[in-house]
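Asks: Structure in structure tokens, see below.
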Amino acid sequence: MNAPLREALAAAWPCTEDGSPATLVAALARNAAESGSRPAFRERDRGIWQERNWAETFTEVLALAAALETCGLRPGQALIIIGDNRRRLYSAMLAAMALRAFPSPVFPDVPPEELRSYARHGEPDIAVAEDQEQVDKLLELRERVGRPKAILYDDTRGLSRYRADGLEALDAAIVRGLTRIDADPSLAVSLVGRAQPGDIAVLLHSSGTTGVPKGVPLRHCNIIAAVSNAVATGFYQDYETHYAYLPMAWVGDFAFTIGAGTLLRFTTHVPERQETVLRDMREVASTIYFAAPRAWDNMLTRVQIGMADSTPFKRRLFEFFMPRAIGIEREKLAGKPTSVVDRIVTMFGEVLVFGPIKDFLGMTRLRRAYTGGEAMGEDTFLFFRGLGIDLRQFYGQTETAALTAVQADGFVTLHGVGRPMQGVNVRIDESGEILVHSGSVVDGYFDDPQASASALADGWLRTGDAGYVEPNGQLVVLGRVSEVVRTRAGERFIPNYIENRIKFSPYVRNVAVIGAGRDELTAIVCIELEAVGHWAEERGLSYASYADLSQKPEVAKLVAAILAHVNESLPGSLRVQRFVNLHKDFDADDGEVTRTRKLRRSVIEQRYRTLIEALYSGARSVVENARVTYESGQTGMISRTLSICEVT
């Protein structure tokens, strides 16, 4: 980038009153001008990390914007983005913003028939896909609804013989865009200055637990306000090393990778494939890391399995230091001072146990570790904090750009989600619902005035979550307001609250608690295959499949013990009395959970109504025919006799 063009670009990008970028495109231009040689993205390809600095990323984004404009992408129009995390898909998202259009990312595992609901907003005539699999879905979508008319793709493998209209490799599009900019350098200046703070930066979608997902339009000003609030609270800082592995269609990835990543000049690492995430993570050694509670649970299970397969000496070291570290952390969270003995144990434990485990997990440089999306199990939370990882919970929704509250220094607890960030106001209404007011809150849902009116009033967002604020200002989230139900005797309870505590166990992946309008509570449990499989192997239990393992009497006793432990913390009338281990996991492709793993309760209660009736009839077993959806999109049935078990 030559000096005159750099000066012209600096004068073109929109700024706030304090001189900082007013849009994400402006932040990208600033990064190229001021930090052009700093790495922006590293992406692993065939085992080798490929690096792109901010200047190169900026050039690529402008080239893609110029190419997309010739394809017909207009201001106010959606651009479908579908695939796993890929550097050039992120570039395409920023390119759409430069044209005053907006990316609309879709979960990569969405089947063709479900893709239609994600493509109904913003007239998306153009799409950017990762590979052949996603191109096939988009071509099928075109046959059904007539669009997208143009499809750009990143991975060319398997696509050389495709002859459908409108197909183009991103490589070719970038070359075409660069040629256009070379012929007219003023186009680059124009592209930097078009986007405005009030423009939609991204169109995400709600989880869709109760129906078709709603479109959630986050504007540049919402993203900038959210990141600014987080920085003022100490949540982020400049120049973090970040790992982008979460689904691109989830607000968590957008807030970290595109939002904070661009505004705060992160170096973002992209794994080679989803199957290599854990391996690649060790090489990245992030300074900031965000994962849902289930991912932290999986890491804990991985450590436990590794220690079980280790040498006797290493196991004894682990069994000596780890329980003591967890006990020390529990006392610290309770406000008790750390003794000299505790400090000595921590010092030796760091050298012999904690440090090697953090190196194994790729967390040797980790300064900020976060979890959110649902409640985290006490054992998992204390384990990682006992390792010396400053793990904290935070809270937010898609409608608040993911960032509402976070646990600050001195306010880390096992039950709360932290205090509201600076610039965020939270209050609880008379029904117990959490309301949020901030510059990060959206101004409405996309093309849905009825939903907007019911969720927003005077800038306050009705989150749909029930909770309360403690005297010290910490927010405690109980569950969804819509899920507050009553037993036949009139006892109020939130199934999700109980389900989360059951899922604290590494042996339970999903669970649905039943009991609305009934005399007692029961549960449908889906085991965690890897953890229970390892547990079974240690005990010499052979099994042929998930279905086979789930029905082992020994596994039933294991789950019964988990439920009995949870029951100890519940009132007698709200304890789970009976359960059944399902012979399959709840699956998003089967419509039983959303893409973010939230239960679609009405679907489960309808689909498994025969099983549920058996739970309350006194039967000892039930024949259940469960529907499954295969990767090809075809459906089938799995029939199994399931045992109904008592919780004693």
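Residues in the structure tokens are numbered from 1 in each chain, the chains being A, B, ... in the order shown, and ligands are numbered from 1 in the order shown.
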Give me, as an NGL selection string, all polymer residues having an atom no more than 12 Å from Leu115 of chain A, counting only C-alpha atoms and skipping those fewer than 6 positions away in the same chain.
Replies: :A and (80-82 or 104-109 or 121 or 134 or 136-142 or 144-145 or 147-148 or 212-213 or 589)
Asks: Keeping C-alpha atoms, export the residues of the selection given above as a PDB file, in the first residue's frame.
Replies:
```pdb
ATOM      1  CA  ILE A  80     -25.052 -16.306   2.913  1.00  0.00           C
ATOM      2  CA  ILE A  81     -21.861 -17.663   4.509  1.00  0.00           C
ATOM      3  CA  ILE A  82     -21.806 -21.414   5.105  1.00  0.00           C
ATOM      4  CA  SER A 104     -25.706 -14.091   7.226  1.00  0.00           C
ATOM      5  CA  PRO A 105     -23.663 -17.081   8.464  1.00  0.00           C
ATOM      6  CA  VAL A 106     -25.300 -20.503   8.645  1.00  0.00           C
ATOM      7  CA  PHE A 107     -24.291 -23.513  10.748  1.00  0.00           C
ATOM      8  CA  PRO A 108     -22.295 -25.905   8.527  1.00  0.00           C
ATOM      9  CA  ASP A 109     -24.279 -28.979   9.578  1.00  0.00           C
ATOM     10  CA  HIS A 121     -34.154 -12.808   5.283  1.00  0.00           C
ATOM     11  CA  GLN A 134     -21.898 -26.745   1.090  1.00  0.00           C
ATOM     12  CA  ASP A 136     -24.331 -28.962  -3.124  1.00  0.00           C
ATOM     13  CA  LYS A 137     -26.664 -27.684  -0.400  1.00  0.00           C
ATOM     14  CA  LEU A 138     -26.831 -24.246  -1.980  1.00  0.00           C
ATOM     15  CA  LEU A 139     -27.544 -25.695  -5.424  1.00  0.00           C
ATOM     16  CA  GLU A 140     -30.377 -27.729  -3.895  1.00  0.00           C
ATOM     17  CA  LEU A 141     -31.650 -24.565  -2.201  1.00  0.00           C
ATOM     18  CA  ARG A 142     -31.561 -22.802  -5.569  1.00  0.00           C
ATOM     19  CA  ARG A 144     -36.289 -25.014  -4.304  1.00  0.00           C
ATOM     20  CA  VAL A 145     -36.456 -21.224  -3.963  1.00  0.00           C
ATOM     21  CA  ARG A 147     -31.592 -18.470  -5.155  1.00  0.00           C
ATOM     22  CA  PRO A 148     -28.715 -17.936  -4.539  1.00  0.00           C
ATOM     23  CA  VAL A 212     -38.390 -20.919  13.295  1.00  0.00           C
ATOM     24  CA  PRO A 213     -35.249 -18.960  14.282  1.00  0.00           C
ATOM     25  CA  ASP A 589     -30.721 -32.989  12.508  1.00  0.00           C
TER      26      ASP A 589
END
```
Asks: I'd like to know which residues of segment 35-180 of chain A are strand (DSSP E or B) (by DSSP, run on the backbone); could you write them as a PyMOL selection string?
Replies: chain A and resi 39-45+48-53+78-82+102-106+126-129+150-153+167-169
Asks: So which residues of segment 146-342 of chain A fall under alpha helix (DSSP H) by DSSP, listed as a CSV table (one decimal) with C-alpha atoms, in the first residue's frame?
Replies:
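Final file, selection_12.csv:
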```csv
chain,number,residue,atom,x,y,z
A,170,LEU,CA,-12.9,-17.4,-4.4
A,171,ASP,CA,-9.4,-17.4,-6.0
A,172,ALA,CA,-10.8,-16.2,-9.3
A,173,ALA,CA,-13.1,-13.7,-7.6
A,174,ILE,CA,-10.2,-12.1,-5.7
A,175,VAL,CA,-8.1,-11.8,-8.9
A,176,ARG,CA,-11.1,-10.2,-10.6
A,177,GLY,CA,-11.6,-7.7,-7.7
A,178,LEU,CA,-7.9,-6.8,-7.6
A,179,THR,CA,-7.9,-6.1,-11.3
A,180,ARG,CA,-10.9,-3.8,-10.9
A,181,ILE,CA,-9.2,-1.9,-8.0
A,182,ASP,CA,-5.9,-1.6,-9.9
A,183,ALA,CA,-7.8,0.0,-12.8
A,186,SER,CA,-10.4,5.4,-5.9
A,187,LEU,CA,-12.6,2.4,-5.6
A,188,ALA,CA,-10.6,1.3,-2.5
A,189,VAL,CA,-11.2,4.6,-0.8
A,190,SER,CA,-14.9,4.4,-1.7
A,191,LEU,CA,-15.2,0.9,-0.2
A,192,VAL,CA,-13.6,1.9,3.1
A,193,GLY,CA,-16.0,4.9,3.6
A,194,ARG,CA,-19.3,3.4,2.6
A,220,HIS,CA,-21.7,-1.8,13.7
A,221,CYS,CA,-22.6,0.5,16.6
A,222,ASN,CA,-23.9,-2.5,18.6
A,223,ILE,CA,-20.7,-4.5,18.1
A,224,ILE,CA,-18.5,-1.5,18.9
A,225,ALA,CA,-20.5,-0.7,22.0
A,226,ALA,CA,-20.3,-4.3,23.2
A,227,VAL,CA,-16.5,-4.5,22.7
A,228,SER,CA,-16.0,-1.1,24.3
A,229,ASN,CA,-18.1,-2.2,27.3
A,230,ALA,CA,-16.0,-5.4,27.6
A,231,VAL,CA,-12.7,-3.6,27.3
A,232,ALA,CA,-13.7,-1.1,30.0
A,233,THR,CA,-14.6,-4.1,32.3
A,251,VAL,CA,-22.7,-14.9,18.2
A,252,GLY,CA,-19.8,-16.1,20.4
A,253,ASP,CA,-17.6,-16.6,17.4
A,261,GLY,CA,-10.7,-9.5,16.7
A,262,THR,CA,-10.9,-6.6,14.3
A,263,LEU,CA,-11.4,-3.7,16.7
A,277,VAL,CA,-9.2,-28.5,16.9
A,278,LEU,CA,-7.7,-30.0,20.0
A,279,ARG,CA,-4.4,-30.9,18.4
A,280,ASP,CA,-4.1,-27.5,16.7
A,281,MET,CA,-5.0,-25.7,19.9
A,282,ARG,CA,-1.9,-26.9,21.6
A,283,GLU,CA,0.3,-25.3,19.0
A,284,VAL,CA,-1.6,-22.0,19.1
A,293,PRO,CA,-19.4,-25.6,29.5
A,294,ARG,CA,-19.7,-28.9,27.5
A,295,ALA,CA,-16.3,-28.2,25.8
A,296,TRP,CA,-14.7,-27.6,29.2
A,297,ASP,CA,-16.3,-30.9,30.4
A,298,ASN,CA,-14.9,-32.7,27.4
A,299,MET,CA,-11.4,-31.4,28.1
A,300,LEU,CA,-11.7,-32.5,31.7
A,301,THR,CA,-12.7,-36.0,30.5
A,302,ARG,CA,-9.8,-36.0,28.1
A,303,VAL,CA,-7.4,-35.2,31.0
A,304,GLN,CA,-9.0,-37.9,33.2
A,305,ILE,CA,-8.7,-40.5,30.4
A,306,GLY,CA,-5.1,-39.5,29.8
A,307,MET,CA,-4.2,-39.9,33.4
A,308,ALA,CA,-6.0,-43.2,33.7
A,312,PRO,CA,1.4,-45.3,38.1
A,313,PHE,CA,3.8,-42.6,39.2
A,314,LYS,CA,2.1,-39.9,37.2
A,315,ARG,CA,-1.3,-41.1,38.4
A,316,ARG,CA,-0.2,-40.8,42.1
A,317,LEU,CA,1.1,-37.3,41.5
A,318,PHE,CA,-2.2,-36.3,39.9
A,319,GLU,CA,-4.2,-37.9,42.7
A,320,PHE,CA,-2.1,-36.2,45.3
A,321,PHE,CA,-2.0,-32.6,44.0
A,322,MET,CA,-5.3,-32.2,42.1
A,323,PRO,CA,-7.7,-32.8,45.0
A,324,ARG,CA,-5.7,-30.4,47.1
A,325,ALA,CA,-5.6,-27.7,44.4
A,326,ILE,CA,-9.4,-28.0,44.0
A,327,GLY,CA,-9.8,-27.7,47.8
A,328,ILE,CA,-7.6,-24.6,47.9
A,329,GLU,CA,-9.6,-23.0,45.1
A,330,ARG,CA,-12.9,-23.8,46.8
A,331,GLU,CA,-11.6,-22.0,50.0
A,332,LYS,CA,-10.4,-19.1,48.0
A,333,LEU,CA,-13.8,-18.6,46.4
A,340,VAL,CA,1.8,-21.0,53.5
A,341,VAL,CA,1.3,-24.7,53.1
A,342,ASP,CA,-1.3,-24.1,50.3
```
Asks: In Å to one decimal, how far is atom CA of Gln397 of chain A from atom CA of Gly373 of chain A?
Replies: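 So the answer is 8.3 Å.
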Asks: Once you count only C-alpha atoms, what closest atom pair and distance in Å to one decimal does each residue of segment 425-535 of chain A within 10 Å of segment 549-552 of chain A have, with rows by chain and rising residue number, as a tab-separated table?
Replies:
```
residue	atom	partner	partner_atom	distance
A:Val525	CA	A:Ser550	CA	9.3
A:Cys526	CA	A:Ser550	CA	8.0
A:Ile527	CA	A:Ser550	CA	6.8
A:Glu528	CA	A:Ser550	CA	9.4
A:Leu529	CA	A:Leu549	CA	8.3
A:Val532	CA	A:Leu549	CA	8.2
A:Gly533	CA	A:Leu549	CA	7.5
```
Asks: Taking only residues of segment 46-149 of chain A that have an atom at most 8 Å from an atom of segment 15-31 of chain A, what is each one's shortest atom pair and its distance in Å to one decimal, using only C-alpha atoms, in chain and number order, as a Markdown table?
Replies:
```
| residue | atom | partner | partner_atom | distance |
| --- | --- | --- | --- | --- |
| A:Trp54 | CA | A:Asn31 | CA | 6.0 |
| A:Ala55 | CA | A:Asn31 | CA | 7.5 |
| A:Phe58 | CA | A:Leu28 | CA | 6.4 |
| A:Leu94 | CA | A:Val25 | CA | 6.6 |
| A:Met97 | CA | A:Val25 | CA | 6.9 |
| A:Ala98 | CA | A:Val25 | CA | 6.0 |
```
Asks: Nearest residue to Ser482 of chain A out of A:Asn496, A:Asn85, A:Gln577, A:Ser569, using only C-alpha atoms?
Replies: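 So, comparing all the options, the nearest one is A:Asn496.
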Asks: Could I get the residues of segment 168-209 of chain A with an atom no further than 10 Å from an atom of segment 439-452 of chain A, each paired with its nearest atom pair and that distance in Å to one decimal, using only C-alpha atoms, sorted by chain and residue number, as a Markdown table?
Replies:
```
| residue | atom | partner | partner_atom | distance |
| --- | --- | --- | --- | --- |
| A:Ile200 | CA | A:Val442 | CA | 10.0 |
| A:Leu203 | CA | A:Phe446 | CA | 8.2 |
| A:Leu204 | CA | A:Phe446 | CA | 9.6 |
| A:His205 | CA | A:Tyr445 | CA | 9.4 |
| A:Ser206 | CA | A:Tyr445 | CA | 9.7 |
```
Asks: Between atom CA of Val61 of chain A and atom CA of Glu399 of chain A, what is the distance, to one decimal in Å?
Replies: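 Taking atom CA of Val61 of chain A as the start and atom CA of Glu399 of chain A as the end point, the length is 26.5 Å.
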Asks: Within 9 Å of Ile494 of chain A, counting only C-alpha atoms, which residues show up once you throw out same-chain ones fewer than 4 positions away? Write them as a PyMOL selection string, please.
Replies: chain A and resi 478-486+498-499
Asks: Near Arg492 of chain A, within 12 Å and counting only C-alpha atoms, which residues show up once chain neighbours fewer than 3 positions away are dropped, as a list in words?
Replies: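 Residues near the query, excluding close chain neighbours: Val481, Glu483, Val484, Val485, Arg486, Thr487, Arg488, Ala489, Pro495, Tyr497, Gly515, Ala516, Gly517, Arg518, Leu521, Pro571, Ser573 and Leu574 of chain A.
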Asks: One decimal, in Å: what's the spacing between atom CA of Ala255 of chain A and atom CA of Asp390 of chain A?
Replies: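 Separation between atom CA of Ala255 of chain A and atom CA of Asp390 of chain A: 20.3 Å.
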Asks: Using only C-alpha atoms for the distances, tell me which of A:Lys149, A:Arg42, A:Arg100, A:Arg600 is nearest to Glu69 of chain A.
Replies: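 For Glu69 of chain A, the nearest of the candidates is A:Arg100.
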Asks: Near Arg52 of chain A, within 9 Å and counting only C-alpha atoms, which residues show up once chain neighbours fewer than 6 positions away are dropped, as a count of residues only?
Replies: 7
